[in-house]
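S.K.: Dropping in structure.cif, with mmCIF, C-alpha atoms.
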```
data_target
loop_
_atom_site.label_atom_id
_atom_site.label_comp_id
_atom_site.auth_asym_id
_atom_site.auth_seq_id
_atom_site.Cartn_x
_atom_site.Cartn_y
_atom_site.Cartn_z
CA MET A 1 139.87 -19.81 -110.74
CA ALA A 2 141.17 -21.09 -107.44
CA HIS A 3 144.40 -19.20 -108.02
CA ALA A 4 142.49 -16.02 -108.75
CA VAL A 5 140.48 -16.45 -105.56
CA SER A 6 143.48 -16.91 -103.35
CA THR A 7 145.09 -13.88 -104.96
CA SER A 8 142.06 -11.78 -104.16
CA ALA A 9 141.87 -13.17 -100.67
CA GLY A 10 145.52 -12.27 -100.34
CA ALA A 11 144.60 -8.71 -101.16
CA HIS A 12 141.99 -8.84 -98.39
CA GLY A 13 144.50 -10.26 -95.97
CA GLY A 14 146.66 -7.26 -96.75
CA HIS A 15 144.30 -5.08 -94.74
CA ASP A 16 145.06 -6.69 -91.45
CA ALA A 17 148.66 -7.51 -92.24
CA GLY A 18 149.63 -4.44 -90.25
CA GLN A 19 148.04 -5.72 -87.06
CA GLY A 20 147.56 -9.43 -87.55
CA GLY A 21 150.73 -10.54 -89.24
CA GLY A 22 151.26 -13.18 -91.91
CA HIS A 23 149.86 -16.15 -90.05
CA HIS A 24 146.50 -14.57 -89.38
CA GLY A 25 146.35 -13.34 -92.95
CA ASP A 26 146.65 -16.93 -94.17
CA HIS A 27 143.95 -18.02 -91.79
CA HIS A 28 141.53 -15.41 -93.14
CA ASP A 29 142.32 -16.47 -96.68
CA GLN A 30 141.24 -19.96 -95.73
CA GLU A 31 138.04 -18.75 -94.11
CA SER A 32 137.02 -16.50 -96.98
CA LEU A 33 137.82 -19.27 -99.44
CA LYS A 34 135.51 -21.54 -97.46
CA MET A 35 132.78 -18.91 -97.68
CA PHE A 36 133.23 -18.87 -101.44
CA GLY A 37 133.07 -22.66 -101.47
CA PHE A 38 129.77 -22.46 -99.66
CA TRP A 39 128.42 -20.01 -102.22
CA LEU A 40 129.31 -22.57 -104.88
CA PHE A 41 127.35 -25.18 -102.94
CA LEU A 42 124.39 -22.80 -102.84
CA ILE A 43 124.63 -22.42 -106.61
CA THR A 44 124.41 -26.21 -107.05
CA ASP A 45 121.39 -26.15 -104.75
CA VAL A 46 119.84 -23.44 -106.92
CA ILE A 47 120.23 -25.80 -109.88
CA LEU A 48 118.77 -28.73 -107.89
CA PHE A 49 115.69 -26.71 -106.98
CA GLY A 50 115.57 -25.34 -110.53
CA THR A 51 115.11 -28.85 -111.95
CA LEU A 52 112.44 -29.64 -109.34
CA PHE A 53 110.59 -26.40 -110.08
CA ALA A 54 110.80 -27.07 -113.82
CA THR A 55 109.35 -30.56 -113.28
CA PHE A 56 106.61 -29.20 -111.07
CA VAL A 57 105.60 -26.43 -113.47
CA VAL A 58 105.51 -28.82 -116.42
CA LEU A 59 103.34 -31.32 -114.52
CA ARG A 60 101.07 -28.77 -112.82
CA PHE A 61 97.91 -29.91 -114.65
CA ASN A 62 98.66 -33.65 -114.66
CA THR A 63 96.47 -34.72 -111.76
CA ALA A 64 95.28 -37.89 -113.54
CA ALA A 65 91.62 -37.30 -112.64
CA GLY A 66 92.64 -37.48 -108.98
CA PRO A 67 92.55 -34.74 -106.35
CA THR A 68 93.64 -31.29 -107.53
CA PRO A 69 95.68 -28.80 -105.53
CA ALA A 70 92.82 -26.29 -105.55
CA GLU A 71 90.64 -28.84 -103.73
CA LEU A 72 93.16 -29.90 -101.10
CA ILE A 73 95.55 -27.07 -100.34
CA GLU A 74 94.67 -25.18 -97.20
CA LEU A 75 96.37 -21.84 -97.47
CA GLN A 76 95.94 -20.92 -93.82
CA GLY A 77 98.62 -23.28 -92.50
CA ILE A 78 100.91 -22.36 -95.38
CA ILE A 79 100.60 -18.66 -94.59
CA ILE A 80 101.55 -19.35 -90.98
CA SER A 81 104.59 -21.41 -91.99
CA THR A 82 105.63 -18.73 -94.48
CA PHE A 83 105.69 -16.07 -91.77
CA ILE A 84 107.46 -18.46 -89.39
CA LEU A 85 110.23 -19.03 -91.93
CA LEU A 86 110.48 -15.31 -92.78
CA THR A 87 110.87 -14.51 -89.10
CA SER A 88 113.47 -17.24 -88.65
CA SER A 89 115.48 -15.74 -91.51
CA PHE A 90 115.42 -12.45 -89.62
CA THR A 91 116.36 -14.03 -86.26
CA SER A 92 119.31 -15.85 -87.83
CA GLY A 93 120.45 -12.41 -89.03
CA ILE A 94 120.19 -11.08 -85.46
CA ALA A 95 122.32 -14.05 -84.33
CA VAL A 96 125.05 -12.89 -86.72
CA LEU A 97 124.76 -9.33 -85.36
CA GLU A 98 125.13 -10.63 -81.79
CA MET A 99 128.17 -12.60 -82.91
CA ASN A 100 129.76 -9.49 -84.40
CA LYS A 101 129.21 -7.78 -81.07
CA GLY A 102 131.08 -10.67 -79.45
CA ASN A 103 128.02 -11.68 -77.44
CA LYS A 104 128.20 -15.48 -77.24
CA ARG A 105 125.07 -15.90 -75.12
CA GLY A 106 123.05 -13.67 -77.42
CA LEU A 107 124.35 -15.56 -80.43
CA ILE A 108 123.34 -18.96 -79.04
CA LEU A 109 119.99 -17.60 -77.86
CA TRP A 110 119.07 -16.23 -81.29
CA LEU A 111 120.30 -19.38 -83.01
CA ALA A 112 118.07 -21.35 -80.65
CA ILE A 113 115.08 -19.14 -81.51
CA THR A 114 115.85 -19.64 -85.20
CA ALA A 115 116.05 -23.41 -84.73
CA LEU A 116 112.78 -23.41 -82.79
CA LEU A 117 111.02 -21.50 -85.57
CA GLY A 118 112.57 -23.90 -88.11
CA ALA A 119 111.30 -26.87 -86.09
CA SER A 120 107.77 -25.46 -86.03
CA PHE A 121 107.98 -24.99 -89.79
CA VAL A 122 108.97 -28.64 -90.25
CA TYR A 123 106.22 -29.72 -87.86
CA LEU A 124 103.59 -27.79 -89.83
CA GLU A 125 104.88 -29.26 -93.08
CA VAL A 126 104.74 -32.83 -91.79
CA THR A 127 101.20 -32.21 -90.52
CA GLU A 128 100.23 -30.83 -93.92
CA PHE A 129 101.70 -33.84 -95.72
CA MET A 130 99.84 -36.24 -93.43
CA HIS A 131 96.64 -34.34 -94.07
CA LEU A 132 97.18 -34.53 -97.85
CA VAL A 133 97.89 -38.27 -97.77
CA HIS A 134 94.83 -38.75 -95.61
CA GLU A 135 92.75 -36.90 -98.22
CA GLY A 136 93.99 -39.25 -100.92
CA ALA A 137 96.91 -37.29 -102.38
CA ALA A 138 100.01 -39.41 -101.82
CA ILE A 139 103.28 -39.20 -103.70
CA GLY A 140 102.14 -41.92 -106.14
CA THR A 141 98.64 -40.57 -106.78
CA SER A 142 99.48 -38.58 -109.89
CA ALA A 143 102.36 -36.84 -111.65
CA TYR A 144 101.24 -33.60 -110.02
CA TRP A 145 101.49 -34.95 -106.49
CA SER A 146 104.80 -36.69 -107.23
CA ALA A 147 106.25 -33.38 -108.34
CA PHE A 148 104.61 -31.61 -105.41
CA PHE A 149 105.95 -33.91 -102.70
CA THR A 150 109.41 -34.06 -104.27
CA LEU A 151 109.74 -30.28 -104.51
CA VAL A 152 108.19 -29.33 -101.17
CA GLY A 153 109.74 -32.34 -99.43
CA THR A 154 113.25 -31.52 -100.70
CA HIS A 155 112.89 -28.06 -99.22
CA GLY A 156 111.62 -29.54 -95.96
CA LEU A 157 114.60 -31.91 -95.85
CA HIS A 158 116.93 -28.97 -96.34
CA VAL A 159 115.32 -27.20 -93.39
CA SER A 160 115.55 -30.35 -91.25
CA LEU A 161 119.21 -30.76 -92.14
CA GLY A 162 119.77 -27.12 -91.27
CA LEU A 163 118.22 -27.77 -87.85
CA VAL A 164 120.60 -30.63 -87.06
CA TRP A 165 123.50 -28.50 -88.27
CA MET A 166 122.38 -25.51 -86.21
CA ILE A 167 122.06 -27.56 -83.02
CA ALA A 168 125.54 -29.03 -83.57
CA LEU A 169 126.90 -25.54 -84.11
CA MET A 170 125.26 -24.26 -80.92
CA LEU A 171 126.99 -27.05 -78.97
CA GLN A 172 130.30 -26.18 -80.58
CA LEU A 173 129.82 -22.49 -79.85
CA SER A 174 129.07 -23.16 -76.20
CA ARG A 175 132.32 -25.12 -75.92
CA ARG A 176 134.72 -23.13 -78.08
CA GLY A 177 133.17 -19.68 -78.00
CA ILE A 178 133.42 -17.22 -80.88
CA THR A 179 136.61 -17.94 -82.83
CA PRO A 180 137.39 -17.13 -86.48
CA VAL A 181 136.39 -20.71 -87.33
CA THR A 182 133.07 -20.79 -85.47
CA LYS A 183 132.42 -17.28 -86.79
CA ARG A 184 132.75 -18.49 -90.34
CA LYS A 185 130.47 -21.43 -89.53
CA VAL A 186 127.76 -19.12 -88.17
CA ASN A 187 128.06 -16.88 -91.22
CA ILE A 188 127.68 -19.91 -93.45
CA ILE A 189 124.65 -21.34 -91.69
CA SER A 190 122.89 -17.99 -91.70
CA LEU A 191 123.59 -17.76 -95.43
CA TYR A 192 122.11 -21.25 -95.83
CA TRP A 193 119.07 -20.26 -93.80
CA HIS A 194 118.40 -17.10 -95.82
CA PHE A 195 118.78 -19.20 -98.96
CA LEU A 196 116.15 -21.68 -97.75
CA ASP A 197 113.83 -18.77 -97.06
CA VAL A 198 114.27 -17.57 -100.64
CA VAL A 199 113.51 -21.07 -101.97
CA TRP A 200 110.41 -21.22 -99.78
CA ILE A 201 109.16 -17.89 -101.15
CA PHE A 202 109.19 -19.44 -104.61
CA VAL A 203 107.55 -22.64 -103.35
CA PHE A 204 104.90 -20.51 -101.66
CA THR A 205 104.32 -18.43 -104.79
CA ILE A 206 104.47 -21.10 -107.47
CA VAL A 207 103.13 -24.17 -105.67
CA TYR A 208 100.66 -22.73 -103.20
CA LEU A 209 99.46 -19.32 -104.38
CA MET A 210 99.25 -20.38 -108.02
CA GLY A 211 97.82 -23.75 -106.95
CA VAL A 212 94.77 -22.15 -105.34
CA MET A 213 94.28 -19.46 -108.00
CA MET B 1 129.88 -11.43 -95.51
CA GLU B 2 133.38 -10.96 -96.84
CA LYS B 3 133.70 -8.00 -94.55
CA HIS B 4 133.96 -10.20 -91.47
CA ASN B 5 136.89 -11.98 -92.95
CA THR B 6 138.48 -8.80 -94.11
CA HIS B 7 138.52 -7.15 -90.74
CA GLY B 8 138.93 -10.33 -88.81
CA HIS B 9 140.25 -9.61 -85.37
CA ASP B 10 139.23 -6.02 -84.90
CA ALA B 11 135.81 -7.17 -83.76
CA HIS B 12 133.23 -5.11 -81.84
CA GLU B 13 132.99 -2.90 -84.89
CA SER B 14 129.72 -3.36 -86.68
CA HIS B 15 130.05 -4.84 -90.12
CA GLY B 16 128.07 -7.17 -92.31
CA GLY B 17 124.89 -5.21 -91.84
CA SER B 18 123.37 -3.38 -88.91
CA MET B 19 120.22 -3.97 -86.90
CA LYS B 20 118.62 -1.21 -88.94
CA SER B 21 119.28 -2.93 -92.26
CA TYR B 22 117.99 -6.26 -90.90
CA VAL B 23 114.79 -4.62 -89.65
CA ILE B 24 114.25 -2.84 -92.97
CA GLY B 25 114.83 -6.12 -94.82
CA PHE B 26 112.40 -7.94 -92.54
CA LEU B 27 109.69 -5.30 -93.00
CA PHE B 28 110.19 -5.41 -96.76
CA SER B 29 109.88 -9.18 -96.80
CA ILE B 30 106.68 -9.05 -94.74
CA VAL B 31 105.11 -6.48 -97.06
CA LEU B 32 106.22 -8.42 -100.14
CA THR B 33 104.51 -11.52 -98.72
CA ILE B 34 101.29 -9.77 -97.73
CA ILE B 35 100.72 -8.06 -101.11
CA PRO B 36 100.45 -11.31 -103.15
CA LEU B 37 98.36 -12.89 -100.39
CA VAL B 38 95.83 -10.07 -100.41
CA VAL B 39 95.65 -10.05 -104.20
CA VAL B 40 95.20 -13.84 -104.49
CA LEU B 41 92.80 -14.32 -101.59
CA ASN B 42 90.49 -11.49 -102.69
CA ASP B 43 90.69 -12.15 -106.43
CA LEU B 44 91.60 -8.51 -107.01
CA LEU B 45 93.09 -9.02 -110.47
CA ASN B 46 92.58 -11.37 -113.41
CA LYS B 47 94.65 -14.53 -113.62
CA THR B 48 97.48 -13.28 -115.86
CA ALA B 49 97.93 -10.05 -113.94
CA THR B 50 97.94 -11.95 -110.63
CA THR B 51 100.53 -14.43 -111.89
CA VAL B 52 102.83 -11.67 -113.09
CA LEU B 53 102.37 -9.66 -109.89
CA ILE B 54 103.09 -12.51 -107.48
CA LEU B 55 106.13 -13.62 -109.48
CA VAL B 56 107.49 -10.07 -109.43
CA MET B 57 106.91 -9.93 -105.66
CA ALA B 58 108.80 -13.22 -105.23
CA VAL B 59 111.75 -11.92 -107.26
CA LEU B 60 111.78 -8.68 -105.23
CA GLN B 61 111.70 -10.77 -102.06
CA PHE B 62 114.73 -12.67 -103.35
CA ALA B 63 116.51 -9.35 -103.95
CA VAL B 64 115.63 -8.16 -100.43
CA GLN B 65 117.06 -11.32 -98.85
CA LEU B 66 120.20 -11.05 -100.98
CA ILE B 67 120.85 -7.41 -100.22
CA PHE B 68 119.68 -6.97 -96.61
CA PHE B 69 120.36 -10.44 -95.21
CA MET B 70 122.98 -12.10 -97.38
CA HIS B 71 124.95 -8.85 -97.88
CA ILE B 72 125.74 -9.55 -101.51
CA LYS B 73 126.45 -5.85 -102.06
CA ASP B 74 129.09 -5.73 -99.33
CA GLU B 75 131.37 -8.16 -101.11
CA LYS B 76 134.75 -6.73 -102.09
CA LYS B 77 135.92 -6.86 -105.68
CA PRO B 78 136.37 -9.21 -107.46
CA ARG B 79 132.87 -10.36 -106.64
CA PHE B 80 133.21 -14.09 -107.11
CA ASN B 81 130.17 -14.88 -104.95
CA LEU B 82 127.98 -12.62 -107.05
CA MET B 83 129.39 -13.98 -110.30
CA ALA B 84 128.78 -17.57 -109.17
CA LEU B 85 125.24 -16.59 -108.23
CA ILE B 86 124.55 -14.99 -111.59
CA PHE B 87 125.93 -18.06 -113.34
CA GLY B 88 123.61 -20.25 -111.26
CA LEU B 89 120.62 -18.05 -112.09
CA VAL B 90 121.38 -18.29 -115.81
CA ILE B 91 121.33 -22.08 -115.53
CA LEU B 92 118.16 -21.91 -113.44
CA LEU B 93 116.34 -19.77 -115.99
CA THR B 94 117.52 -22.00 -118.83
CA ILE B 95 116.24 -25.14 -117.10
CA VAL B 96 112.90 -23.70 -116.04
CA ALA B 97 112.06 -21.60 -119.11
CA GLY B 98 113.45 -24.28 -121.43
CA SER B 99 111.35 -27.01 -119.82
CA ILE B 100 108.19 -24.93 -119.97
CA TRP B 101 108.84 -23.95 -123.57
CA ILE B 102 109.47 -27.51 -124.72
CA MET B 103 106.59 -29.06 -122.77
CA THR B 104 104.09 -26.44 -123.92
CA TYR B 105 104.29 -28.03 -127.35
CA ASN B 106 103.95 -31.53 -125.94
CA THR B 107 100.48 -31.30 -124.46
CA VAL B 108 99.10 -34.25 -126.45
CA ALA B 109 99.18 -36.52 -123.42
CA SER B 110 97.28 -34.22 -121.13
#
```
Could you write out this structure as structure tokens?
M.R.:
Amino acid sequence: MAHAVSTSAGAHGGHDAGQGGGHHGDHHDQESLKMFGFWLFLITDVILFGTLFATFVVLRFNTAAGPTPAELIELQGIIISTFILLTSSFTSGIAVLEMNKGNKRGLILWLAITALLGASFVYLEVTEFMHLVHEGAAIGTSAYWSAFFTLVGTHGLHVSLGLVWMIALMLQLSRRGITPVTKRKVNIISLYWHFLDVVWIFVFTIVYLMGVM
Amino acid sequence: MEKHNTHGHDAHESHGGSMKSYVIGFLFSIVLTIIPLVVVLNDLLNKTATTVLILVMAVLQFAVQLIFFMHIKDEKKPRFNLMALIFGLVILLTIVAGSIWIMTYNTVAS
């Protein structure tokens, strides 16, 4: 597999061999291989969330005579966080566009907007969790709430991790500027961010919308 | 995504999606979020129809993000990223559908 990948990347490198020369070709092979590696990471994350979703769906009625999602979930805040995350997925895309234009300031600005939207998402989620615990639905209350907090919390942790990563990347960009390496890193984090948005859409649909139905 | 790496140094040329495709993707994702919301909040359909509809909307939303934002279609052959993704989705469906199927016949405890 790895051999096949480097062969294909070699074919890609062939495009710029005319202008870039052998050394640059090798460099691009490395970068595109790293992108592929990140896709593989995303696949493992798909499987991680798959198991959590499976657990959640199986336990969706097991509230152990405690509070039910229909009683406690307040859709209003969830709708706001959904649109915040959707918008942040879009703004991280604009950051990539700015990068392709070679606009470092624009890139950092849009990454900052994305991180700010991500931070408000995390803030809303923490507030929601505190509200739920206050209402008597903690992680140990019933199988339902265990599955709920594990699934939604794992997504929230992913977003928080993405925030730390994005801030670190903004610092690196401001020092090193747009190089093939930082370019690849921005491409990867925007991929990660879009992926988290996709996961959230399923959390929103399966946990929240179906929970209040 | 691969496109960036392919062209590498000859920057300033737009690749990996344009503003237009991002805006279209964003509008699609907004619409695909509003439709299930309206249907669920106003009880427009019965429970089964609603479930099917909102799941379909979520899958479409996934496709929109993949195509307009993650540029899965722009990948050059051989499409290893896409193949890895499909492999992951097969595992995902097996885990989720398999769990539901097995546990449906294990409802004694509930």
S.K.: Using only C-alpha atoms, can you tell me which of A:Ala70, A:Ile84, A:Ser120, A:Gly102 comes closest to chain B?
M.R.: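 Ranked by minimum distance to chain B, first place goes to A:Gly102.
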S.K.: Would you write out, as a tab-separated table, a table of all residues in chain A that have an atom no more than 7 Å from an atom of chain B, listing for each the closest atom pair and the distance in Å to one decimal, considering only C-alpha atoms and ordering rows by chain and rising residue number?
M.R.:
```
residue	atom	partner	partner_atom	distance
A:His12	CA	B:Thr6	CA	5.5
A:Gly13	CA	B:Thr6	CA	6.5
A:His15	CA	B:Thr6	CA	6.9
A:Asp16	CA	B:His7	CA	6.6
A:His28	CA	B:Asn5	CA	5.8
A:Glu31	CA	B:Asn5	CA	7.0
A:Ser32	CA	B:Asn5	CA	6.1
A:Phe36	CA	B:Asn81	CA	6.1
A:Trp39	CA	B:Asn81	CA	6.1
A:Leu40	CA	B:Ala84	CA	6.6
A:Ile43	CA	B:Gly88	CA	5.2
A:Val46	CA	B:Gly88	CA	6.6
A:Ile47	CA	B:Leu92	CA	5.7
A:Gly50	CA	B:Leu92	CA	5.2
A:Thr51	CA	B:Ile95	CA	6.4
A:Phe53	CA	B:Val96	CA	6.9
A:Ala54	CA	B:Val96	CA	4.5
A:Val58	CA	B:Ile100	CA	5.9
A:Asn62	CA	B:Ser110	CA	6.6
A:Phe90	CA	B:Phe26	CA	6.2
A:Gly93	CA	B:Phe69	CA	6.5
A:Asn100	CA	B:His12	CA	6.1
A:Lys101	CA	B:His12	CA	4.9
A:Gly102	CA	B:His12	CA	6.4
A:Leu191	CA	B:Met70	CA	6.0
A:His194	CA	B:Gln65	CA	6.7
A:Val198	CA	B:Phe62	CA	5.6
A:Ile201	CA	B:Ala58	CA	6.2
A:Phe202	CA	B:Ala58	CA	6.3
A:Thr205	CA	B:Ile54	CA	6.6
A:Leu209	CA	B:Val40	CA	6.9
A:Met213	CA	B:Val40	CA	6.7
```
S.K.: Find the residues around Trp165 of chain A up to 12 Å (all atoms listed in the file counted), leave out those fewer than 4 positions away in its own chain, and share them as a list in words.
M.R.: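 Returned residues: Leu111, Ala112, Ala115, Gly118, His158, Val159, Ser160, Leu161, Leu169, Met170, Leu171, Gln172, Lys185, Val186, Ile188, Ile189, Ser190, Tyr192 and Trp193 of chain A.
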S.K.: Would you save the residues of that selection, restricted to C-alpha atoms, as a short mmCIF file (atom, residue, chain, number, x, y, z; two decimals), in the frame of the given file?
M.R.:
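Saved as again_26.cif:
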```
data_model
loop_
_atom_site.label_atom_id
_atom_site.label_comp_id
_atom_site.auth_asym_id
_atom_site.auth_seq_id
_atom_site.Cartn_x
_atom_site.Cartn_y
_atom_site.Cartn_z
CA LEU A 111 120.30 -19.38 -83.01
CA ALA A 112 118.07 -21.35 -80.65
CA ALA A 115 116.05 -23.41 -84.73
CA GLY A 118 112.57 -23.90 -88.11
CA HIS A 158 116.93 -28.97 -96.34
CA VAL A 159 115.32 -27.20 -93.39
CA SER A 160 115.55 -30.35 -91.25
CA LEU A 161 119.21 -30.76 -92.14
CA LEU A 169 126.90 -25.54 -84.11
CA MET A 170 125.26 -24.26 -80.92
CA LEU A 171 126.99 -27.05 -78.97
CA GLN A 172 130.30 -26.18 -80.58
CA LYS A 185 130.47 -21.43 -89.53
CA VAL A 186 127.76 -19.12 -88.17
CA ILE A 188 127.68 -19.91 -93.45
CA ILE A 189 124.65 -21.34 -91.69
CA SER A 190 122.89 -17.99 -91.70
CA TYR A 192 122.11 -21.25 -95.83
CA TRP A 193 119.07 -20.26 -93.80
#
```
S.K.: Could you jot down the atom CA of Pro69 of chain A to atom CA of Val38 of chain B separation for me, Å, one decimal place?
M.R.: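 Going from atom CA of Pro69 of chain A over to atom CA of Val38 of chain B, I get 19.4 Å.
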S.K.: Nearest to Phe28 of chain B among B:Asn106, B:Leu60, B:Thr48, B:Asn42, with distances taken over only C-alpha atoms: which residue is it?
M.R.: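 Going through B:Asn106, B:Leu60, B:Thr48, B:Asn42 one by one, the smallest distance to Phe28 of chain B is for B:Leu60.
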S.K.: Quick check on the file I pasted: which residues fall under the PyMOL selection byres ((chain A and resi 60) around 9)? Write them as a list in words.
M.R.: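 Given this file, the PyMOL selection byres ((chain A and resi 60) around 9) evaluates to Thr55, Phe56, Val57, Val58, Leu59, Phe61, Asn62, Thr63, Ala143, Tyr144, Trp145, Ala147, Phe148, Val207 and Gly211 of chain A.
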S.K.: In Å, how far is it from atom CA of Phe83 of chain A to atom CA of Val122 of chain A?
M.R.: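 Between atom CA of Phe83 of chain A and atom CA of Val122 of chain A the gap is 13.1 Å.
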S.K.: Determine the axis-aligned bounding box of all atoms of segment 73-87 of chain B present in the file, pad each side by 4 Å, and express its centre and edge lengths in Å to one decimal place as lines of an AutoDock Vina configuration file.
M.R.:
```
center_x = 130.5
center_y = -11.9
center_z = -106.3
size_x = 19.8
size_y = 20.3
size_z = 22.0
```
S.K.: Quote the spacing between atom CA of Gly177 of chain A and atom CA of Leu109 of chain A in Å to one decimal place.
M.R.: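 Here the two named atoms are 13.3 Å from each other.
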S.K.: Find, counting only C-alpha atoms, the residue in A:Met35, A:Leu107, A:Ile80, A:Ile73 that gets nearest to Met166 of chain A.
M.R.: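 Comparing A:Met35, A:Leu107, A:Ile80, A:Ile73 against Met166 of chain A, the winner is A:Leu107.
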S.K.: Considering all atoms listed in the file, can you say which of A:Leu75, A:Leu52, A:Ser174, A:Pro67 comes closest to Val133 of chain A?
M.R.: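 Counting all atoms listed in the file, the residue closest to Val133 of chain A is A:Pro67.
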